[in-house]
>>> print(open('start-v9.pdb').read())   # PDB, C-alpha atoms and all ligand atoms
ATOM      1  CA  MET U 252       0.000   0.000   0.000
ATOM      2  CA  ASN U 253       1.541   3.340  -0.983
ATOM      3  CA  ASN U 254      -0.157   5.879   1.208
ATOM      4  CA  PRO U 255      -3.616   4.951   2.411
ATOM      5  CA  ALA U 256      -4.067   8.435   3.898
ATOM      6  CA  THR U 257      -4.030  10.141   0.487
ATOM      7  CA  PRO U 258      -7.381  10.025  -1.272
ATOM      8  CA  LEU U 259      -6.670   9.399  -4.922
ATOM      9  CA  LEU U 260     -10.340   9.866  -5.742
ATOM     10  CA  LYS U 261     -12.874  11.904  -3.817
ATOM     11  CA  LEU U 262     -16.593  12.258  -4.414
ATOM     12  CA  ASP U 263     -18.424  14.944  -2.509
ATOM     13  CA  GLY U 264     -22.218  15.264  -2.506
ATOM     14  CA  VAL U 265     -22.605  13.681  -5.944
ATOM     15  CA  GLU U 266     -26.107  13.561  -7.457
ATOM     16  CA  THR U 267     -26.873  11.925 -10.793
ATOM     17  CA  TYR U 268     -30.194  11.934 -12.622
ATOM     18  CA  TYR U 269     -31.726   9.988 -15.494
ATOM     19  CA  GLY U 270     -34.340  12.539 -16.519
ATOM     20  CA  PRO U 271     -36.451  13.052 -13.403
ATOM     21  CA  LEU U 272     -35.098   9.917 -11.686
ATOM     22  CA  ARG U 273     -32.442  10.624  -9.100
ATOM     23  CA  ALA U 274     -30.126   7.615  -9.337
ATOM     24  CA  LEU U 275     -27.458   8.914  -6.923
ATOM     25  CA  SER U 276     -28.229  11.084  -3.889
ATOM     26  CA  ASP U 277     -25.536  12.984  -2.024
ATOM     27  CA  VAL U 278     -22.836  10.351  -2.515
ATOM     28  CA  SER U 279     -19.560  11.191  -0.787
ATOM     29  CA  LEU U 280     -16.641   8.791  -0.619
ATOM     30  CA  THR U 281     -12.893   8.606  -0.933
ATOM     31  CA  VAL U 282     -10.647   5.981  -2.485
ATOM     32  CA  ALA U 283      -7.211   5.809  -0.891
ATOM     33  CA  GLU U 284      -4.206   5.320  -3.117
ATOM     34  CA  GLY U 285      -2.980   1.732  -3.334
ATOM     35  CA  THR U 286      -6.210   0.178  -2.052
ATOM     36  CA  VAL U 287      -9.157  -1.786  -3.405
ATOM     37  CA  LYS U 288     -12.543  -0.314  -2.514
ATOM     38  CA  VAL U 289     -15.672  -2.361  -3.174
ATOM     39  CA  ILE U 290     -19.140  -0.945  -3.864
ATOM     40  CA  LEU U 291     -21.795  -3.427  -2.783
ATOM     41  CA  GLY U 292     -25.517  -3.214  -3.403
ATOM     42  CA  SER U 293     -28.395  -5.047  -5.015
ATOM     43  CA  ASN U 294     -29.785  -4.643  -8.548
ATOM     44  CA  GLY U 295     -30.643  -1.066  -9.400
ATOM     45  CA  ALA U 296     -28.871   0.395  -6.353
ATOM     46  CA  GLY U 297     -26.862   2.752  -8.564
ATOM     47  CA  LYS U 298     -23.483   0.997  -8.632
ATOM     48  CA  SER U 299     -22.937   1.187 -12.400
ATOM     49  CA  THR U 300     -24.301   4.734 -12.377
ATOM     50  CA  LEU U 301     -21.620   5.666  -9.861
ATOM     51  CA  LEU U 302     -18.819   4.363 -12.089
ATOM     52  CA  GLY U 303     -20.399   5.960 -15.181
ATOM     53  CA  THR U 304     -20.621   9.277 -13.346
ATOM     54  CA  ILE U 305     -16.932   9.151 -12.398
ATOM     55  CA  MET U 306     -15.982   8.387 -16.031
ATOM     56  CA  GLY U 307     -18.111  11.228 -17.387
ATOM     57  CA  VAL U 308     -20.093   8.945 -19.691
ATOM     58  CA  LEU U 309     -23.502  10.165 -18.484
ATOM     59  CA  ASP U 310     -24.439  13.356 -20.265
ATOM     60  CA  GLY U 311     -24.459  16.407 -18.020
ATOM     61  CA  GLN U 312     -23.857  14.346 -14.867
ATOM     62  CA  PRO U 313     -23.308  14.723 -12.006
ATOM     63  CA  GLN U 314     -25.859  17.469 -11.640
ATOM     64  CA  ARG U 315     -24.557  18.259  -8.151
ATOM     65  CA  GLY U 316     -21.386  17.603  -6.217
ATOM     66  CA  THR U 317     -17.733  17.325  -7.123
ATOM     67  CA  ILE U 318     -15.393  14.545  -8.199
ATOM     68  CA  THR U 319     -11.688  15.061  -7.598
ATOM     69  CA  PHE U 320      -8.870  12.856  -8.881
ATOM     70  CA  ARG U 321      -5.378  13.577  -7.547
ATOM     71  CA  GLY U 322      -6.694  16.899  -6.309
ATOM     72  CA  GLN U 323      -7.993  17.910  -9.760
ATOM     73  CA  ARG U 324     -11.703  18.336 -10.480
ATOM     74  CA  ILE U 325     -12.813  15.815 -13.125
ATOM     75  CA  ASP U 326     -16.599  16.234 -12.946
ATOM     76  CA  GLY U 327     -17.797  17.767 -16.180
ATOM     77  CA  MET U 328     -14.604  16.696 -17.959
ATOM     78  CA  ALA U 329     -14.753  14.760 -21.250
ATOM     79  CA  THR U 330     -14.289  11.019 -20.791
ATOM     80  CA  GLU U 331     -11.181  10.953 -22.957
ATOM     81  CA  LYS U 332      -9.519  13.526 -20.713
ATOM     82  CA  ILE U 333     -10.462  11.501 -17.651
ATOM     83  CA  VAL U 334      -8.856   8.427 -19.241
ATOM     84  CA  ARG U 335      -5.738  10.459 -20.044
ATOM     85  CA  ALA U 336      -5.673  11.700 -16.457
ATOM     86  CA  GLY U 337      -5.160   8.070 -15.390
ATOM     87  CA  ILE U 338      -8.496   6.339 -14.880
ATOM     88  CA  SER U 339      -9.430   3.167 -16.805
ATOM     89  CA  TYR U 340     -12.884   1.640 -16.839
ATOM     90  CA  VAL U 341     -14.066  -1.902 -17.506
ATOM     91  CA  PRO U 342     -17.860  -1.660 -17.895
ATOM     92  CA  GLU U 343     -20.187  -4.537 -17.090
ATOM     93  CA  GLY U 344     -20.421  -7.156 -19.824
ATOM     94  CA  ARG U 345     -16.820  -7.488 -21.046
ATOM     95  CA  ARG U 346     -16.976  -5.196 -23.999
ATOM     96  CA  VAL U 347     -14.220  -6.079 -26.435
ATOM     97  CA  PHE U 348     -13.944  -5.341 -30.144
ATOM     98  CA  PRO U 349     -15.094  -8.730 -31.482
ATOM     99  CA  GLU U 350     -13.651  -8.349 -34.992
ATOM    100  CA  LEU U 351     -10.224  -7.293 -33.761
ATOM    101  CA  THR U 352      -7.672  -9.834 -32.612
ATOM    102  CA  VAL U 353      -6.637 -10.135 -28.979
ATOM    103  CA  SER U 354      -3.415  -8.308 -29.725
ATOM    104  CA  GLU U 355      -5.222  -5.499 -31.594
ATOM    105  CA  ASN U 356      -7.662  -5.072 -28.698
ATOM    106  CA  LEU U 357      -4.740  -4.664 -26.314
ATOM    107  CA  ARG U 358      -3.023  -2.165 -28.603
ATOM    108  CA  VAL U 359      -6.227  -0.114 -28.794
ATOM    109  CA  GLY U 360      -6.148   0.015 -24.991
ATOM    110  CA  ALA U 361      -2.727   1.650 -25.102
ATOM    111  CA  TYR U 362      -3.875   4.573 -27.226
ATOM    112  CA  THR U 363      -3.091   7.168 -24.580
ATOM    113  CA  VAL U 364       0.470   5.896 -24.038
ATOM    114  CA  ARG U 365       3.122   7.437 -26.260
ATOM    115  CA  ASP U 366       6.160   5.569 -24.980
ATOM    116  CA  ARG U 367       6.569   2.340 -26.959
ATOM    117  CA  GLN U 368       8.948   0.744 -24.490
ATOM    118  CA  SER U 369       6.538   1.358 -21.702
ATOM    119  CA  THR U 370       3.722  -0.166 -23.802
ATOM    120  CA  ARG U 371       5.871  -3.227 -24.411
ATOM    121  CA  ARG U 372       6.530  -3.600 -20.689
ATOM    122  CA  THR U 373       2.843  -3.213 -19.874
ATOM    123  CA  LEU U 374       1.944  -5.800 -22.509
ATOM    124  CA  GLU U 375       4.369  -8.225 -20.881
ATOM    125  CA  ARG U 376       2.749  -7.552 -17.527
ATOM    126  CA  VAL U 377      -0.727  -8.153 -18.982
ATOM    127  CA  HIS U 378       0.512 -11.396 -20.535
ATOM    128  CA  ASP U 379       1.930 -12.397 -17.128
ATOM    129  CA  TYR U 380      -1.425 -11.770 -15.506
ATOM    130  CA  PHE U 381      -3.336 -13.533 -18.261
ATOM    131  CA  PRO U 382      -1.081 -16.035 -20.113
ATOM    132  CA  ILE U 383      -4.080 -17.098 -22.211
ATOM    133  CA  LEU U 384      -4.001 -13.686 -23.915
ATOM    134  CA  ALA U 385      -0.425 -14.338 -25.035
ATOM    135  CA  ASP U 386      -1.466 -17.736 -26.400
ATOM    136  CA  ARG U 387      -4.427 -16.274 -28.303
ATOM    137  CA  GLN U 388      -2.836 -13.129 -29.730
ATOM    138  CA  THR U 389      -4.074 -13.625 -33.278
ATOM    139  CA  GLN U 390      -7.553 -14.901 -32.408
ATOM    140  CA  PRO U 391     -10.514 -12.582 -33.054
ATOM    141  CA  ALA U 392     -11.723 -11.393 -29.641
ATOM    142  CA  GLY U 393     -15.336 -12.318 -30.456
ATOM    143  CA  THR U 394     -14.377 -15.990 -30.578
ATOM    144  CA  LEU U 395     -12.924 -16.031 -27.042
ATOM    145  CA  SER U 396     -14.900 -17.608 -24.201
ATOM    146  CA  GLY U 397     -16.735 -15.301 -21.782
ATOM    147  CA  GLY U 398     -14.000 -15.635 -19.179
ATOM    148  CA  GLU U 399     -11.268 -14.962 -21.709
ATOM    149  CA  GLN U 400     -13.137 -11.876 -22.920
ATOM    150  CA  GLN U 401     -13.308 -10.608 -19.332
ATOM    151  CA  MET U 402      -9.548 -11.076 -19.014
ATOM    152  CA  LEU U 403      -9.060  -9.231 -22.284
ATOM    153  CA  ALA U 404     -11.301  -6.379 -21.132
ATOM    154  CA  ILE U 405      -9.278  -6.018 -17.912
ATOM    155  CA  GLY U 406      -5.999  -6.405 -19.816
ATOM    156  CA  ARG U 407      -7.037  -3.718 -22.285
ATOM    157  CA  ALA U 408      -7.882  -1.318 -19.448
ATOM    158  CA  LEU U 409      -4.432  -1.944 -17.934
ATOM    159  CA  MET U 410      -2.699  -1.130 -21.236
ATOM    160  CA  ASN U 411      -3.599   2.494 -20.572
ATOM    161  CA  GLU U 412      -1.315   2.286 -17.505
ATOM    162  CA  PRO U 413      -3.989   3.669 -15.181
ATOM    163  CA  GLU U 414      -3.483   4.853 -11.633
ATOM    164  CA  LEU U 415      -7.095   3.991 -10.897
ATOM    165  CA  LEU U 416      -9.001   1.061 -12.378
ATOM    166  CA  LEU U 417     -12.818   0.972 -12.244
ATOM    167  CA  LEU U 418     -14.227  -2.544 -12.573
ATOM    168  CA  ASP U 419     -17.952  -3.201 -12.957
ATOM    169  CA  GLU U 420     -18.937  -6.724 -11.859
ATOM    170  CA  PRO U 421     -15.872  -8.552 -13.179
ATOM    171  CA  SER U 422     -17.065 -11.886 -11.782
ATOM    172  CA  LEU U 423     -20.515 -11.872 -13.339
ATOM    173  CA  GLY U 424     -21.280 -15.047 -15.282
ATOM    174  CA  LEU U 425     -17.819 -16.544 -14.824
ATOM    175  CA  ALA U 426     -17.171 -20.127 -13.760
ATOM    176  CA  PRO U 427     -15.962 -20.384 -10.134
ATOM    177  CA  LEU U 428     -12.350 -21.118 -10.999
ATOM    178  CA  LEU U 429     -12.238 -18.011 -13.184
ATOM    179  CA  VAL U 430     -13.921 -15.884 -10.521
ATOM    180  CA  ARG U 431     -11.140 -16.776  -8.131
ATOM    181  CA  GLN U 432      -8.502 -16.130 -10.785
ATOM    182  CA  VAL U 433      -9.925 -12.694 -11.590
ATOM    183  CA  PHE U 434      -9.987 -11.747  -7.895
ATOM    184  CA  ASP U 435      -6.407 -12.979  -7.425
ATOM    185  CA  ILE U 436      -5.381 -10.741 -10.279
ATOM    186  CA  ILE U 437      -7.243  -7.766  -8.810
ATOM    187  CA  SER U 438      -5.245  -8.157  -5.628
ATOM    188  CA  GLN U 439      -2.000  -8.505  -7.628
ATOM    189  CA  ILE U 440      -2.861  -5.361  -9.599
ATOM    190  CA  ARG U 441      -3.339  -3.487  -6.306
ATOM    191  CA  ASP U 442      -0.063  -4.867  -4.940
ATOM    192  CA  GLU U 443       1.696  -3.482  -8.000
ATOM    193  CA  GLY U 444       0.407  -0.009  -7.213
ATOM    194  CA  VAL U 445      -2.841   0.392  -9.181
ATOM    195  CA  THR U 446      -5.768   1.573  -7.069
ATOM    196  CA  VAL U 447      -9.031  -0.268  -7.752
ATOM    197  CA  LEU U 448     -12.685   0.731  -7.363
ATOM    198  CA  LEU U 449     -14.722  -2.419  -7.765
ATOM    199  CA  VAL U 450     -18.471  -2.876  -8.177
ATOM    200  CA  GLU U 451     -19.467  -6.337  -7.056
ATOM    201  CA  GLN U 452     -22.633  -8.239  -6.194
ATOM    202  CA  ASN U 453     -20.591 -11.154  -4.931
ATOM    203  CA  ALA U 454     -20.059  -9.594  -1.498
ATOM    204  CA  ARG U 455     -17.987 -12.474  -0.180
ATOM    205  CA  MET U 456     -15.413 -12.348  -2.927
ATOM    206  CA  GLY U 457     -15.512  -8.559  -3.064
ATOM    207  CA  LEU U 458     -14.827  -8.207   0.654
ATOM    208  CA  LYS U 459     -12.062 -10.784   0.510
ATOM    209  CA  VAL U 460     -10.060  -8.713  -1.938
ATOM    210  CA  ALA U 461     -11.070  -5.228  -0.753
ATOM    211  CA  ASP U 462      -9.447  -3.031   1.874
ATOM    212  CA  ASP U 463     -12.673  -1.169   2.472
ATOM    213  CA  GLY U 464     -16.086  -0.653   0.965
ATOM    214  CA  VAL U 465     -19.509   0.931   0.880
ATOM    215  CA  VAL U 466     -23.068  -0.277   0.443
ATOM    216  CA  LEU U 467     -25.336   1.605  -1.945
ATOM    217  CA  GLU U 468     -29.076   1.329  -1.510
ATOM    218  CA  GLY U 469     -31.522   3.259  -3.669
ATOM    219  CA  GLY U 470     -28.740   5.605  -4.795
ATOM    220  CA  GLU U 471     -27.589   6.430  -1.265
ATOM    221  CA  LEU U 472     -24.591   5.242   0.710
ATOM    222  CA  VAL U 473     -25.997   3.396   3.695
ATOM    223  CA  VAL U 474     -22.926   1.690   5.131
ATOM    224  CA  SER U 475     -19.217   2.275   4.797
ATOM    225  CA  GLY U 476     -16.212   0.805   6.562
ATOM    226  CA  THR U 477     -13.194  -1.423   6.317
ATOM    227  CA  ALA U 478     -13.684  -4.820   4.719
ATOM    228  CA  ALA U 479     -13.489  -6.424   8.177
ATOM    229  CA  GLU U 480     -16.161  -4.046   9.503
ATOM    230  CA  LEU U 481     -18.434  -4.806   6.555
ATOM    231  CA  VAL U 482     -17.992  -8.559   6.993
ATOM    232  CA  ASP U 483     -19.071  -8.122  10.632
ATOM    233  CA  ASN U 484     -21.933  -5.757   9.801
ATOM    234  CA  ASP U 485     -25.274  -7.471  10.476
ATOM    235  CA  GLU U 486     -27.082  -5.717   7.622
ATOM    236  CA  VAL U 487     -24.393  -6.635   5.100
ATOM    237  CA  GLU U 488     -24.318 -10.179   6.391
ATOM    238  CA  GLU U 489     -28.082 -10.566   6.167
ATOM    239  CA  LEU U 490     -28.640  -8.850   2.837
ATOM    240  CA  TYR U 491     -25.588  -9.796   0.868
ATOM    241  CA  MET U 492     -24.010 -12.835   2.439
ATOM    242  CA  GLY U 493     -26.892 -14.722   4.032
ATOM    243  CA  ALA U 494     -27.450 -17.129   1.163
ATOM    244  CA  ALA U 495     -23.774 -17.396   0.362
ATOM    245  CA  SER U 496     -22.871 -18.296   3.945
ATOM    246  CA  THR U 497     -25.075 -21.381   3.772
ATOM    247  CA  THR U 498     -23.742 -22.330   0.334
ATOM    248  CA  PRO U 499     -20.394 -24.096   0.237
ATOM    249  CA  GLU U 500     -17.642 -22.115  -1.496
ATOM    250  CA  PRO U 501     -17.781 -23.098  -5.151
ATOM    251  CA  SER U 502     -14.884 -25.291  -6.106
ATOM    252  CA  ALA U 503     -13.530 -25.757  -9.585
ATOM    253  CA  GLU U 504     -13.608 -29.500  -9.195
ATOM    254  CA  SER U 505     -17.186 -29.801  -8.037
ATOM    255  CA  ASP U 506     -18.958 -27.179 -10.115
ATOM    256  CA  THR U 507     -17.686 -25.514 -13.241
ATOM    257  CA  SER U 508     -21.052 -24.986 -14.907
ATOM    258  CA  GLU U 509     -22.397 -21.560 -15.881
ATOM    259  CA  ARG U 510     -25.258 -22.101 -13.436
ATOM    260  CA  GLY U 511     -22.759 -22.862 -10.721
ATOM    261  CA  ALA U 512     -20.922 -19.702 -11.675
ATOM    262  CA  GLN U 513     -24.081 -17.639 -11.424
ATOM    263  CA  ARG U 514     -24.869 -19.182  -8.054
ATOM    264  CA  GLY U 515     -21.396 -18.455  -6.763
ATOM    265  CA  ALA U 516     -21.109 -15.040  -8.363
ATOM    266  CA  ARG U 517     -24.501 -13.512  -7.687
ATOM    267  CA  ASN U 518     -26.354 -13.107  -4.489
ATOM    268  CA  ASP U 519     -29.318 -11.026  -5.510
ATOM    269  CA  VAL U 520     -31.422  -9.817  -2.644
ATOM    270  CA  ASP U 521     -34.055  -7.251  -3.436
ATOM    271  CA  LEU U 522     -33.835  -4.551  -0.818
ATOM    272  CA  GLU U 523     -37.317  -3.351  -1.657
ATOM    273  CA  SER U 524     -38.993  -6.654  -0.773
TER     274      SER U 524
HETATM  275  P1  LIG R   1     -27.149  -3.771 -11.479
HETATM  276  O1  LIG R   1     -26.394  -4.497 -10.442
HETATM  277  O2  LIG R   1     -28.451  -4.404 -11.785
HETATM  278  O3  LIG R   1     -26.350  -3.405 -12.679
HETATM  279  P2  LIG R   1     -26.777  -1.087 -10.402
HETATM  280  O4  LIG R   1     -26.627  -1.007  -8.929
HETATM  281  O5  LIG R   1     -25.548  -1.004 -11.213
HETATM  282  O6  LIG R   1     -27.599  -2.376 -10.773
HETATM  283  P3  LIG R   1     -27.699   1.091 -12.005
HETATM  284  O7  LIG R   1     -27.574   0.355 -13.289
HETATM  285  O8  LIG R   1     -26.711   2.122 -11.691
HETATM  286  O9  LIG R   1     -27.782   0.064 -10.789
HETATM  287  O10 LIG R   1     -29.170   1.744 -11.961
HETATM  288  C1  LIG R   1     -29.580   2.644 -10.937
HETATM  289  C2  LIG R   1     -30.994   3.123 -11.240
HETATM  290  O11 LIG R   1     -30.974   3.959 -12.406
HETATM  291  C3  LIG R   1     -31.978   2.013 -11.554
HETATM  292  O12 LIG R   1     -33.213   2.380 -11.019
HETATM  293  C4  LIG R   1     -32.033   1.975 -13.063
HETATM  294  O13 LIG R   1     -33.262   1.519 -13.517
HETATM  295  C5  LIG R   1     -31.820   3.437 -13.417
HETATM  296  N1  LIG R   1     -31.143   3.605 -14.721
HETATM  297  C6  LIG R   1     -29.957   3.090 -15.085
HETATM  298  N2  LIG R   1     -29.630   3.452 -16.328
HETATM  299  C7  LIG R   1     -30.651   4.227 -16.784
HETATM  300  C8  LIG R   1     -30.914   4.913 -18.009
HETATM  301  N3  LIG R   1     -30.028   4.888 -19.024
HETATM  302  N4  LIG R   1     -32.071   5.599 -18.107
HETATM  303  C9  LIG R   1     -32.947   5.649 -17.080
HETATM  304  N5  LIG R   1     -32.754   5.026 -15.899
HETATM  305  C10 LIG R   1     -31.627   4.317 -15.740
END
>>> encode(input="start-v9.pdb", output="structure tokens", more="lines below")
Ligand code: ATP
Amino acid sequence: MNNPATPLLKLDGVETYYGPLRALSDVSLTVAEGTVKVILGSNGAGKSTLLGTIMGVLDGQPQRGTITFRGQRIDGMATEKIVRAGISYVPEGRRVFPELTVSENLRVGAYTVRDRQSTRRTLERVHDYFPILADRQTQPAGTLSGGEQQMLAIGRALMNEPELLLLDEPSLGLAPLLVRQVFDIISQIRDEGVTVLLVEQNARMGLKVADDGVVLEGGELVVSGTAAELVDNDEVEELYMGAASTTPEPSAESDTSERGAQRGARNDVDLES
């Protein structure tokens, strides 16, 4: 951990609207440099909206509040400038360019980096994280498996050499062995100095890798604390880990099916019900 006292990212009183619908209300949080922060919450809580707001992909949002990265205001900034400032984003659903090869997808990810040597070093690092991407360099990305596409999407985001990586539900729909692999890599990425803000419905896995976290409910932050505090929090336990705590940890040997992956990766509890 570099310096946990320095907030790399700071949100203060952020409010985001979709037309008349207020999707985020007065959200304030900080992400300390060199840490992994997890955003927990059920479907529709506003998790993806939060990441989209930080990246400036939602037109005219946030309507209120400020977002500061390394002390510089980034709210209202164009997404490309935010990327150049050092934030990479892997949206939900592993979006890769299906017609481009694995290697071309990774090169596209490096578009903000001018230094070729540095790009080569980063590519080696990405190949170390995900050896399968080195093996499949010439394969069109659209023909990769779901898990491989997720690795490519994360690898492509890393090619931009970000200081902060935003990951939206990286475990969704992955087989259990891959879920574990992706989380191992998230913790390796953090250990190598990249700060991570992670949206995750799989609270167990998310809290295992995270240093701290928050719970979003109906667009508002309702709980925040260290990962240990969240694990011990009764509300978090009941809403997000209740089912999982009675389900044995998925093992690669016993259950590698997509259904098994969904069971291990999702723990949907509707807060409204
Ligand atoms: P999930 O885990 O299901 O992805 P989430 O916590 O990421 O959920 P968001 O996708 O951020 O939740 O959605 C927050 C709220 O904003 C929801 O009520 C959703 O219906 C609404 N919303 C999201 N995108 C739009 C949009 N483009 N237009 C209108 N409303 C939207």
>>> resolve_selection(input="start-v9.pdb", expression="the PyMOL selection byres (((chain U and resi 290) around 7) and not hetatm)", output="PDB file with C-alpha atoms, keeping the file's coordinate frame")
ATOM      1  CA  LYS U 288     -12.543  -0.314  -2.514  1.00  0.00           C
ATOM      2  CA  VAL U 289     -15.672  -2.361  -3.174  1.00  0.00           C
ATOM      3  CA  LEU U 291     -21.795  -3.427  -2.783  1.00  0.00           C
ATOM      4  CA  GLY U 292     -25.517  -3.214  -3.403  1.00  0.00           C
ATOM      5  CA  LYS U 298     -23.483   0.997  -8.632  1.00  0.00           C
ATOM      6  CA  LEU U 449     -14.722  -2.419  -7.765  1.00  0.00           C
ATOM      7  CA  VAL U 450     -18.471  -2.876  -8.177  1.00  0.00           C
ATOM      8  CA  GLU U 451     -19.467  -6.337  -7.056  1.00  0.00           C
ATOM      9  CA  GLY U 464     -16.086  -0.653   0.965  1.00  0.00           C
ATOM     10  CA  VAL U 465     -19.509   0.931   0.880  1.00  0.00           C
ATOM     11  CA  VAL U 466     -23.068  -0.277   0.443  1.00  0.00           C
ATOM     12  CA  LEU U 467     -25.336   1.605  -1.945  1.00  0.00           C
TER      13      LEU U 467
END
>>> closest_residue(input="start-v9.pdb", among="U:Gly397, U:Ile333, U:Phe381, U:Gln452", to="ligand LIG 1 (chain R)", atoms="only C-alpha atoms and all ligand atoms")
U:Gln452
>>> resolve_selection(input="start-v9.pdb", expression="the PyMOL selection byres (((not hetatm)) within 12 of (chain R and resi 1))", output="CSV table (one decimal) with C-alpha atoms, keeping the file's coordinate frame")
chain,number,residue,atom,x,y,z
U,266,GLU,CA,-26.1,13.6,-7.5
U,267,THR,CA,-26.9,11.9,-10.8
U,268,TYR,CA,-30.2,11.9,-12.6
U,269,TYR,CA,-31.7,10.0,-15.5
U,270,GLY,CA,-34.3,12.5,-16.5
U,271,PRO,CA,-36.5,13.1,-13.4
U,272,LEU,CA,-35.1,9.9,-11.7
U,273,ARG,CA,-32.4,10.6,-9.1
U,274,ALA,CA,-30.1,7.6,-9.3
U,275,LEU,CA,-27.5,8.9,-6.9
U,276,SER,CA,-28.2,11.1,-3.9
U,290,ILE,CA,-19.1,-0.9,-3.9
U,291,LEU,CA,-21.8,-3.4,-2.8
U,292,GLY,CA,-25.5,-3.2,-3.4
U,293,SER,CA,-28.4,-5.0,-5.0
U,294,ASN,CA,-29.8,-4.6,-8.5
U,295,GLY,CA,-30.6,-1.1,-9.4
U,296,ALA,CA,-28.9,0.4,-6.4
U,297,GLY,CA,-26.9,2.8,-8.6
U,298,LYS,CA,-23.5,1.0,-8.6
U,299,SER,CA,-22.9,1.2,-12.4
U,300,THR,CA,-24.3,4.7,-12.4
U,301,LEU,CA,-21.6,5.7,-9.9
U,302,LEU,CA,-18.8,4.4,-12.1
U,303,GLY,CA,-20.4,6.0,-15.2
U,304,THR,CA,-20.6,9.3,-13.3
U,308,VAL,CA,-20.1,8.9,-19.7
U,309,LEU,CA,-23.5,10.2,-18.5
U,310,ASP,CA,-24.4,13.4,-20.3
U,342,PRO,CA,-17.9,-1.7,-17.9
U,343,GLU,CA,-20.2,-4.5,-17.1
U,344,GLY,CA,-20.4,-7.2,-19.8
U,418,LEU,CA,-14.2,-2.5,-12.6
U,419,ASP,CA,-18.0,-3.2,-13.0
U,420,GLU,CA,-18.9,-6.7,-11.9
U,421,PRO,CA,-15.9,-8.6,-13.2
U,422,SER,CA,-17.1,-11.9,-11.8
U,423,LEU,CA,-20.5,-11.9,-13.3
U,449,LEU,CA,-14.7,-2.4,-7.8
U,450,VAL,CA,-18.5,-2.9,-8.2
U,451,GLU,CA,-19.5,-6.3,-7.1
U,452,GLN,CA,-22.6,-8.2,-6.2
U,453,ASN,CA,-20.6,-11.2,-4.9
U,466,VAL,CA,-23.1,-0.3,0.4
U,467,LEU,CA,-25.3,1.6,-1.9
U,468,GLU,CA,-29.1,1.3,-1.5
U,469,GLY,CA,-31.5,3.3,-3.7
U,470,GLY,CA,-28.7,5.6,-4.8
U,471,GLU,CA,-27.6,6.4,-1.3
U,472,LEU,CA,-24.6,5.2,0.7
U,516,ALA,CA,-21.1,-15.0,-8.4
U,517,ARG,CA,-24.5,-13.5,-7.7
U,518,ASN,CA,-26.4,-13.1,-4.5
U,519,ASP,CA,-29.3,-11.0,-5.5
U,520,VAL,CA,-31.4,-9.8,-2.6
U,521,ASP,CA,-34.1,-7.3,-3.4
U,522,LEU,CA,-33.8,-4.6,-0.8
U,523,GLU,CA,-37.3,-3.4,-1.7
>>> atom_distance(input="start-v9.pdb", atom1="CA of Asp366 in chain U", atom2="CA of Glu399 in chain U")
27.1 Å
>>> resolve_selection(input="start-v9.pdb", expression="the PyMOL selection byres (((chain U and resi 463) around 9) and not hetatm)", output="list in words")
Val282, Thr286, Val287, Lys288, Val289, Leu458, Ala461, Asp462, Gly464, Val465, Ser475, Gly476, Thr477, Ala478, Ala479, Glu480 and Leu481 of chain U
>>> atom_distance(input="start-v9.pdb", atom1="CA of Arg345 in chain U", atom2="CA of Leu490 in chain U")
26.7 Å
>>> residues_around(input="start-v9.pdb", residues="Glu412 in chain U", least_positions_apart="5", cutoff="12 Å", atoms="only C-alpha atoms", output="ChimeraX atom specification")
/U:334-340,357,360-366,369-374,376-377,405-407,440,443-446
>>> write_last_selection(input="start-v9.pdb", atoms="C-alpha atoms", output="mmCIF file, in the frame of the given file")
data_model
loop_
_atom_site.group_PDB
_atom_site.id
_atom_site.type_symbol
_atom_site.label_atom_id
_atom_site.label_comp_id
_atom_site.auth_asym_id
_atom_site.auth_seq_id
_atom_site.Cartn_x
_atom_site.Cartn_y
_atom_site.Cartn_z
ATOM 1 C CA VAL U 334 -8.856 8.427 -19.241
ATOM 2 C CA ARG U 335 -5.738 10.459 -20.044
ATOM 3 C CA ALA U 336 -5.673 11.700 -16.457
ATOM 4 C CA GLY U 337 -5.160 8.070 -15.390
ATOM 5 C CA ILE U 338 -8.496 6.339 -14.880
ATOM 6 C CA SER U 339 -9.430 3.167 -16.805
ATOM 7 C CA TYR U 340 -12.884 1.640 -16.839
ATOM 8 C CA LEU U 357 -4.740 -4.664 -26.314
ATOM 9 C CA GLY U 360 -6.148 0.015 -24.991
ATOM 10 C CA ALA U 361 -2.727 1.650 -25.102
ATOM 11 C CA TYR U 362 -3.875 4.573 -27.226
ATOM 12 C CA THR U 363 -3.091 7.168 -24.580
ATOM 13 C CA VAL U 364 0.470 5.896 -24.038
ATOM 14 C CA ARG U 365 3.122 7.437 -26.260
ATOM 15 C CA ASP U 366 6.160 5.569 -24.980
ATOM 16 C CA SER U 369 6.538 1.358 -21.702
ATOM 17 C CA THR U 370 3.722 -0.166 -23.802
ATOM 18 C CA ARG U 371 5.871 -3.227 -24.411
ATOM 19 C CA ARG U 372 6.530 -3.600 -20.689
ATOM 20 C CA THR U 373 2.843 -3.213 -19.874
ATOM 21 C CA LEU U 374 1.944 -5.800 -22.509
ATOM 22 C CA ARG U 376 2.749 -7.552 -17.527
ATOM 23 C CA VAL U 377 -0.727 -8.153 -18.982
ATOM 24 C CA ILE U 405 -9.278 -6.018 -17.912
ATOM 25 C CA GLY U 406 -5.999 -6.405 -19.816
ATOM 26 C CA ARG U 407 -7.037 -3.718 -22.285
ATOM 27 C CA ILE U 440 -2.861 -5.361 -9.599
ATOM 28 C CA GLU U 443 1.696 -3.482 -8.000
ATOM 29 C CA GLY U 444 0.407 -0.009 -7.213
ATOM 30 C CA VAL U 445 -2.841 0.392 -9.181
ATOM 31 C CA THR U 446 -5.768 1.573 -7.069
#
>>> residues_near_point(input="start-v9.pdb", point="(-11.8, -11.9, -28.6)", cutoff="7 Å", atoms="only C-alpha atoms", output="list in words")
Val347, Pro349, Thr352, Val353, Gln390, Pro391, Ala392, Gly393, Thr394, Leu395 and Gln400 of chain U
